[in-house]
Amino acid sequence: MNKHSDLVLEYKNLKEVSSTNDFLRDYDSIADITVLSTSYQTKGRGQMGNTWISNYGENALFSILVRPVNLKAAESFVLSQAMALSVKEVLDGYLNGISIKWPNDIYCGDKKICGT
């Protein structure tokens, strides 16, 4: 765990996990921001009950749990917007044709490459 300014940050990597989202939902941590990455998910989830299938070690599989202190629940969409825009900005430095399908899907051309 690292402390930067007043934020407590935690990074955790597991070789395999059922779902990074499920793991973080049940994970007990004092960190303000927790990042969990894995090489393989046995039950990766997408939106609305869809599964997210990936071969072992071929994709960046991670979830980020943020516990904002000064953000009202009704304003939480701001976090989703910030994450999607941040991912797009980074990928724009490597690829052409990156776009966002709101609320949280990142596309390269006509192919979905991640959800935020």
# chains A, B, ... in the order shown; residues from 1 in each chain; ligands from 1

$ residues_around --residues "range 32-47 of chain A" --least-positions-apart "5" --cutoff "10 Å" --atoms "only C-alpha atoms" --output "MDAnalysis selection string"
chainID A and resid 1 3 6:24 27 52:69 104:105 114:116

$ select_by_dssp --residues "chain A" --states "helix (DSSP H, G or I)" --output "PyMOL selection string"
chain A and resi 20-26+47-49+73-75+77-92

$ write_last_selection --atoms "N, CA, C and O atoms" --output "short mmCIF file (atom, residue, chain, number, x, y, z; two decimals), in the first residue's frame"
data_model
loop_
_atom_site.label_atom_id
_atom_site.label_comp_id
_atom_site.auth_asym_id
_atom_site.auth_seq_id
_atom_site.Cartn_x
_atom_site.Cartn_y
_atom_site.Cartn_z
N THR A 20 -12.48 -9.75 -11.38
CA THR A 20 -11.85 -8.67 -10.62
C THR A 20 -12.91 -7.80 -9.95
O THR A 20 -12.73 -7.36 -8.82
N ASN A 21 -14.03 -7.58 -10.63
CA ASN A 21 -15.12 -6.79 -10.02
C ASN A 21 -15.68 -7.49 -8.79
O ASN A 21 -15.88 -6.86 -7.75
N ASP A 22 -15.95 -8.78 -8.91
CA ASP A 22 -16.50 -9.52 -7.77
C ASP A 22 -15.52 -9.53 -6.60
O ASP A 22 -15.92 -9.37 -5.44
N PHE A 23 -14.24 -9.73 -6.90
CA PHE A 23 -13.24 -9.76 -5.84
C PHE A 23 -13.23 -8.44 -5.08
O PHE A 23 -13.26 -8.42 -3.85
N LEU A 24 -13.18 -7.32 -5.81
CA LEU A 24 -13.12 -6.02 -5.14
C LEU A 24 -14.42 -5.68 -4.41
O LEU A 24 -14.38 -5.00 -3.39
N ARG A 25 -15.54 -6.16 -4.90
CA ARG A 25 -16.81 -5.90 -4.21
C ARG A 25 -16.77 -6.47 -2.80
O ARG A 25 -17.30 -5.87 -1.86
N ASP A 26 -16.12 -7.62 -2.63
CA ASP A 26 -16.07 -8.29 -1.33
C ASP A 26 -14.77 -8.04 -0.57
O ASP A 26 -14.60 -8.52 0.55
N GLN A 47 -21.42 -5.97 -19.08
CA GLN A 47 -22.68 -5.35 -18.69
C GLN A 47 -23.86 -6.29 -18.89
O GLN A 47 -23.83 -7.16 -19.77
N MET A 48 -24.88 -6.08 -18.11
CA MET A 48 -26.18 -6.76 -18.25
C MET A 48 -26.06 -8.28 -18.35
O MET A 48 -26.69 -8.91 -19.20
N GLY A 49 -25.19 -8.86 -17.54
CA GLY A 49 -25.07 -10.31 -17.49
C GLY A 49 -24.20 -10.93 -18.56
O GLY A 49 -24.06 -12.14 -18.61
N ALA A 73 -23.34 10.61 -4.25
CA ALA A 73 -23.74 9.42 -5.03
C ALA A 73 -24.41 9.82 -6.34
O ALA A 73 -24.19 9.19 -7.37
N ALA A 74 -25.20 10.86 -6.32
CA ALA A 74 -25.91 11.30 -7.52
C ALA A 74 -24.96 11.83 -8.59
O ALA A 74 -25.33 11.91 -9.76
N GLU A 75 -23.73 12.14 -8.21
CA GLU A 75 -22.74 12.66 -9.16
C GLU A 75 -21.71 11.60 -9.56
O GLU A 75 -20.70 11.92 -10.18
N PHE A 77 -21.54 9.42 -11.81
CA PHE A 77 -21.29 9.23 -13.24
C PHE A 77 -20.04 9.99 -13.68
O PHE A 77 -19.38 9.61 -14.64
N VAL A 78 -19.68 11.02 -12.94
CA VAL A 78 -18.47 11.79 -13.24
C VAL A 78 -17.25 10.88 -13.22
O VAL A 78 -16.34 11.02 -14.04
N LEU A 79 -17.21 9.91 -12.29
CA LEU A 79 -16.09 8.97 -12.24
C LEU A 79 -16.03 8.11 -13.50
O LEU A 79 -14.95 7.91 -14.07
N SER A 80 -17.17 7.62 -13.96
CA SER A 80 -17.21 6.82 -15.18
C SER A 80 -16.74 7.65 -16.38
O SER A 80 -15.99 7.15 -17.23
N GLN A 81 -17.18 8.89 -16.45
CA GLN A 81 -16.76 9.76 -17.54
C GLN A 81 -15.25 9.97 -17.50
O GLN A 81 -14.57 9.89 -18.53
N ALA A 82 -14.73 10.26 -16.31
CA ALA A 82 -13.29 10.51 -16.17
C ALA A 82 -12.48 9.29 -16.56
O ALA A 82 -11.45 9.40 -17.24
N MET A 83 -12.92 8.10 -16.15
CA MET A 83 -12.20 6.87 -16.48
C MET A 83 -12.21 6.63 -17.99
O MET A 83 -11.17 6.33 -18.58
N ALA A 84 -13.37 6.75 -18.61
CA ALA A 84 -13.47 6.52 -20.05
C ALA A 84 -12.61 7.51 -20.83
O ALA A 84 -11.89 7.14 -21.75
N LEU A 85 -12.67 8.77 -20.45
CA LEU A 85 -11.86 9.79 -21.13
C LEU A 85 -10.36 9.56 -20.91
O LEU A 85 -9.55 9.76 -21.82
N SER A 86 -9.99 9.10 -19.71
CA SER A 86 -8.57 8.82 -19.42
C SER A 86 -8.06 7.66 -20.25
O SER A 86 -6.96 7.73 -20.82
N VAL A 87 -8.83 6.59 -20.35
CA VAL A 87 -8.43 5.43 -21.15
C VAL A 87 -8.30 5.85 -22.62
O VAL A 87 -7.32 5.51 -23.29
N LYS A 88 -9.27 6.60 -23.12
CA LYS A 88 -9.21 7.06 -24.51
C LYS A 88 -7.97 7.90 -24.75
O LYS A 88 -7.26 7.72 -25.74
N GLU A 89 -7.68 8.81 -23.84
CA GLU A 89 -6.53 9.69 -24.01
C GLU A 89 -5.22 8.89 -24.09
O GLU A 89 -4.36 9.16 -24.92
N VAL A 90 -5.06 7.89 -23.22
CA VAL A 90 -3.86 7.06 -23.25
C VAL A 90 -3.78 6.29 -24.56
O VAL A 90 -2.75 6.26 -25.24
N LEU A 91 -4.88 5.64 -24.95
CA LEU A 91 -4.88 4.82 -26.17
C LEU A 91 -4.69 5.65 -27.43
O LEU A 91 -4.10 5.18 -28.41
N ASP A 92 -5.16 6.91 -27.42
CA ASP A 92 -4.95 7.80 -28.57
C ASP A 92 -3.46 7.98 -28.88
O ASP A 92 -3.09 8.23 -30.01
#

$ select_by_dssp --residues "chain A" --states "strand (DSSP E or B)" --output "ChimeraX atom specification"
/A:2-4,7-14,17,33-38,41,45,51,61-66,98-101,105-108,111-115

$ residues_around --residues "Asp110 in chain A" --least-positions-apart "2" --cutoff "10 Å" --atoms "only C-alpha atoms" --output "list in words"
Gly97, Ile98, Ser99, Ile106, Tyr107, Cys108, Lys112 and Ile113 of chain A

$ atom_distance --atom1 "CA of Leu95 in chain A" --atom2 "CA of Gly109 in chain A"
9.9 Å
